[in-house]
Amino acid sequence: MSGDTSAPVSLKPGITLYLIRHGETDWNRESRYQGQRDIPLNQTGIAQARRHGEILKGIVPSVANFDFVSSPLLRAVETMRLTRLALGLDPDAFRTAPEIVELSYGHWEGELAAELPARDPRGVAGKSADPYGWRPEGGESYRDLEQRVSAWLASLSTDTVAVSHGGVSRVARGALLGIDRDFVPFLEVPQDRILKLADGRMQWI
């Protein structure tokens, strides 16, 4: 267990980040590990993405002036395009950042969570013993993920709307809010809400 409660990174003063998890996919619904596999949104995910745009349009009048950045994975890119369409903006006028791609689950990608205790009992035991530091074969740990996401957070120079993934949202909160890293892998990441991060505080919208 890590026991780490430090907050090694902060947003630049005055910066607001609206962090969106991509909409639902069929693999989410099945509780199948996606990691860096390119899985499209399902119909629920499409509706969630459109809702994000409607919500932002109502609460952030200046949102068109924000920087828009997405993970390069298909489910995030689709979510960003639909969000921007709902905002009345060019759906393709955003950039992608590999730093906020999802945690790589290595040999677990494509596996159903319910089947892993039988298929990889050693890996399941390792993850249970150290959820933050455990690294699957060919993949990343949450500690690895936090290192690249923290560098991205520190680099933001203007108000930003970002579409990323569950793991990225968890480690971003751990880094910015000083959450004990033992709890980070278990933080909830709803796909139908937007996370606002600013001034060392968070708010679900």
# chains A, B, ... in the order shown; residues from 1 in each chain; ligands from 1
>>> closest_atom_pairs(of="range 108-142 of chain A", to="range 183-199 of chain A", cutoff="8 Å", atoms="only C-alpha atoms", output="Markdown table")
| residue | atom | partner | partner_atom | distance |
| --- | --- | --- | --- | --- |
| A:Pro131 | CA | A:Pro185 | CA | 6.4 |
| A:Tyr132 | CA | A:Pro185 | CA | 6.3 |
| A:Tyr142 | CA | A:Pro185 | CA | 7.3 |
>>> residues_around(residues="Glu78 in chain A", least_positions_apart="3", cutoff="8 Å", atoms="only C-alpha atoms", output="PyMOL selection string")
chain A and resi 40-41+74-75+81-82
>>> write_last_selection(atoms="N, CA, C and O atoms", output="PDB file, in the first residue's frame")
ATOM      1  N   PRO A  40     -15.990   1.883 -29.374  1.00  0.00           N
ATOM      2  CA  PRO A  40     -16.884   3.016 -29.627  1.00  0.00           C
ATOM      3  C   PRO A  40     -17.943   3.187 -28.539  1.00  0.00           C
ATOM      4  O   PRO A  40     -18.209   2.273 -27.752  1.00  0.00           O
ATOM      5  N   LEU A  41     -18.572   4.355 -28.522  1.00  0.00           N
ATOM      6  CA  LEU A  41     -19.689   4.607 -27.627  1.00  0.00           C
ATOM      7  C   LEU A  41     -20.889   3.750 -28.022  1.00  0.00           C
ATOM      8  O   LEU A  41     -21.087   3.444 -29.201  1.00  0.00           O
ATOM      9  N   LEU A  74     -10.889   6.370 -29.450  1.00  0.00           N
ATOM     10  CA  LEU A  74     -12.131   6.601 -30.176  1.00  0.00           C
ATOM     11  C   LEU A  74     -13.272   7.031 -29.264  1.00  0.00           C
ATOM     12  O   LEU A  74     -14.014   7.975 -29.587  1.00  0.00           O
ATOM     13  N   ARG A  75     -13.452   6.361 -28.128  1.00  0.00           N
ATOM     14  CA  ARG A  75     -14.599   6.672 -27.264  1.00  0.00           C
ATOM     15  C   ARG A  75     -14.516   8.083 -26.705  1.00  0.00           C
ATOM     16  O   ARG A  75     -15.544   8.728 -26.472  1.00  0.00           O
ATOM     17  N   ARG A  81     -16.562  15.178 -29.860  1.00  0.00           N
ATOM     18  CA  ARG A  81     -17.276  15.673 -31.036  1.00  0.00           C
ATOM     19  C   ARG A  81     -18.747  15.930 -30.746  1.00  0.00           C
ATOM     20  O   ARG A  81     -19.312  16.956 -31.138  1.00  0.00           O
ATOM     21  N   LEU A  82     -19.380  14.998 -30.044  1.00  0.00           N
ATOM     22  CA  LEU A  82     -20.803  15.158 -29.719  1.00  0.00           C
ATOM     23  C   LEU A  82     -21.025  16.297 -28.723  1.00  0.00           C
ATOM     24  O   LEU A  82     -22.016  17.032 -28.817  1.00  0.00           O
TER      25      LEU A  82
END
>>> select_by_dssp(residues="range 70-179 of chain A", states="alpha helix (DSSP H)", output="ChimeraX atom specification")
/A:74-86,116-119,121-129,142-155,166-177
>>> closest_residue(among="A:Gly126, A:Gly133, A:Pro72, A:Gly178", to="Ala162 in chain A", atoms="only C-alpha atoms")
A:Pro72
>>> residues_around(residues="range 99-109 of chain A", least_positions_apart="6", cutoff="6 Å", atoms="only C-alpha atoms", output="list in words")
Tyr33, Gln34, Gly35, Gln36, Ser71, Pro136, Glu137, Gly138, Gly139, Glu140, Arg148, Val149 and His165 of chain A
>>> select_by_dssp(residues="range 38-112 of chain A", states="strand (DSSP E or B)", output="PyMOL selection string")
chain A and resi 41+67-70+95-96+112
>>> write_last_selection(atoms="N, CA and C atoms", output="mmCIF file, in the first residue's frame")
data_model
loop_
_atom_site.group_PDB
_atom_site.id
_atom_site.type_symbol
_atom_site.label_atom_id
_atom_site.label_comp_id
_atom_site.auth_asym_id
_atom_site.auth_seq_id
_atom_site.Cartn_x
_atom_site.Cartn_y
_atom_site.Cartn_z
ATOM 1 N N LEU A 41 -18.572 4.355 -28.522
ATOM 2 C CA LEU A 41 -19.689 4.607 -27.627
ATOM 3 C C LEU A 41 -20.889 3.750 -28.022
ATOM 4 N N ASP A 67 -9.825 25.986 -24.206
ATOM 5 C CA ASP A 67 -9.082 24.982 -24.954
ATOM 6 C C ASP A 67 -9.851 23.666 -24.820
ATOM 7 N N PHE A 68 -9.994 22.937 -25.912
ATOM 8 C CA PHE A 68 -10.672 21.639 -25.905
ATOM 9 C C PHE A 68 -9.656 20.570 -26.274
ATOM 10 N N VAL A 69 -9.520 19.567 -25.414
ATOM 11 C CA VAL A 69 -8.509 18.541 -25.621
ATOM 12 C C VAL A 69 -9.095 17.185 -25.250
ATOM 13 N N SER A 70 -8.758 16.172 -26.026
ATOM 14 C CA SER A 70 -9.292 14.833 -25.826
ATOM 15 C C SER A 70 -8.175 13.798 -25.823
ATOM 16 N N ARG A 95 -7.969 19.418 -30.015
ATOM 17 C CA ARG A 95 -6.710 18.696 -30.167
ATOM 18 C C ARG A 95 -6.735 17.441 -29.293
ATOM 19 N N THR A 96 -5.843 16.530 -29.564
ATOM 20 C CA THR A 96 -5.724 15.337 -28.740
ATOM 21 C C THR A 96 -4.394 15.358 -27.992
ATOM 22 N N LEU A 112 -13.238 -9.946 -18.997
ATOM 23 C CA LEU A 112 -14.350 -9.611 -18.107
ATOM 24 C C LEU A 112 -13.860 -9.634 -16.661
#
>>> residues_around(residues="range 43-59 of chain A", least_positions_apart="4", cutoff="10 Å", atoms="only C-alpha atoms", output="number ranges by chain")
A: 18, 20-26, 28-29, 63-64, 75-76, 78-89, 161, 163, 191-194, 205
>>> residues_around(residues="Leu176 in chain A", least_positions_apart="6", cutoff="9 Å", atoms="only C-alpha atoms", output="NGL selection string")
:A and (7-11 or 150 or 153 or 197 or 200-201)
>>> closest_residue(among="A:Lys127, A:Glu146, A:Leu156, A:Asp120", to="Ala97 in chain A", atoms="only C-alpha atoms")
A:Leu156
>>> residues_around(residues="Ser31 in chain A", least_positions_apart="6", cutoff="9 Å", atoms="only C-alpha atoms", output="list in words")
Glu111, Leu112, Ala113 and Ala114 of chain A
>>> closest_residue(among="A:Leu17, A:Met202, A:Ala125, A:Val77", to="Ser164 in chain A", atoms="only C-alpha atoms")
A:Val77
>>> decode(residues="range 12-44 of chain A", atoms="C-alpha atoms", output="PDB file, in the first residue's frame")
ATOM      1  CA  LYS A  12      -1.863  27.272 -12.548  1.00  0.00           C
ATOM      2  CA  PRO A  13      -3.643  30.093 -10.642  1.00  0.00           C
ATOM      3  CA  GLY A  14      -6.971  31.013 -12.187  1.00  0.00           C
ATOM      4  CA  ILE A  15      -7.208  27.902 -14.398  1.00  0.00           C
ATOM      5  CA  THR A  16     -10.469  25.936 -14.469  1.00  0.00           C
ATOM      6  CA  LEU A  17     -10.574  22.396 -15.842  1.00  0.00           C
ATOM      7  CA  TYR A  18     -13.820  20.688 -16.827  1.00  0.00           C
ATOM      8  CA  LEU A  19     -12.865  17.012 -16.970  1.00  0.00           C
ATOM      9  CA  ILE A  20     -15.279  14.639 -18.702  1.00  0.00           C
ATOM     10  CA  ARG A  21     -15.128  10.871 -18.729  1.00  0.00           C
ATOM     11  CA  HIS A  22     -16.076   9.446 -22.128  1.00  0.00           C
ATOM     12  CA  GLY A  23     -19.616   8.140 -22.519  1.00  0.00           C
ATOM     13  CA  GLU A  24     -20.604   4.541 -21.916  1.00  0.00           C
ATOM     14  CA  THR A  25     -19.439   1.721 -24.183  1.00  0.00           C
ATOM     15  CA  ASP A  26     -20.676  -1.848 -24.392  1.00  0.00           C
ATOM     16  CA  TRP A  27     -17.479  -2.941 -22.655  1.00  0.00           C
ATOM     17  CA  ASN A  28     -18.277  -0.592 -19.744  1.00  0.00           C
ATOM     18  CA  ARG A  29     -21.709  -2.178 -19.491  1.00  0.00           C
ATOM     19  CA  GLU A  30     -20.191  -5.659 -19.479  1.00  0.00           C
ATOM     20  CA  SER A  31     -17.512  -4.720 -16.896  1.00  0.00           C
ATOM     21  CA  ARG A  32     -14.841  -5.682 -19.421  1.00  0.00           C
ATOM     22  CA  TYR A  33     -11.387  -4.084 -19.074  1.00  0.00           C
ATOM     23  CA  GLN A  34     -10.890  -1.587 -21.917  1.00  0.00           C
ATOM     24  CA  GLY A  35      -7.627   0.125 -21.112  1.00  0.00           C
ATOM     25  CA  GLN A  36      -6.215   1.414 -24.389  1.00  0.00           C
ATOM     26  CA  ARG A  37      -8.440  -0.663 -26.679  1.00  0.00           C
ATOM     27  CA  ASP A  38     -10.407   1.449 -29.160  1.00  0.00           C
ATOM     28  CA  ILE A  39     -14.055   0.794 -28.272  1.00  0.00           C
ATOM     29  CA  PRO A  40     -16.884   3.016 -29.627  1.00  0.00           C
ATOM     30  CA  LEU A  41     -19.689   4.607 -27.627  1.00  0.00           C
ATOM     31  CA  ASN A  42     -23.016   2.840 -27.340  1.00  0.00           C
ATOM     32  CA  GLN A  43     -26.359   4.654 -27.507  1.00  0.00           C
ATOM     33  CA  THR A  44     -26.267   5.531 -23.796  1.00  0.00           C
TER      34      THR A  44
END
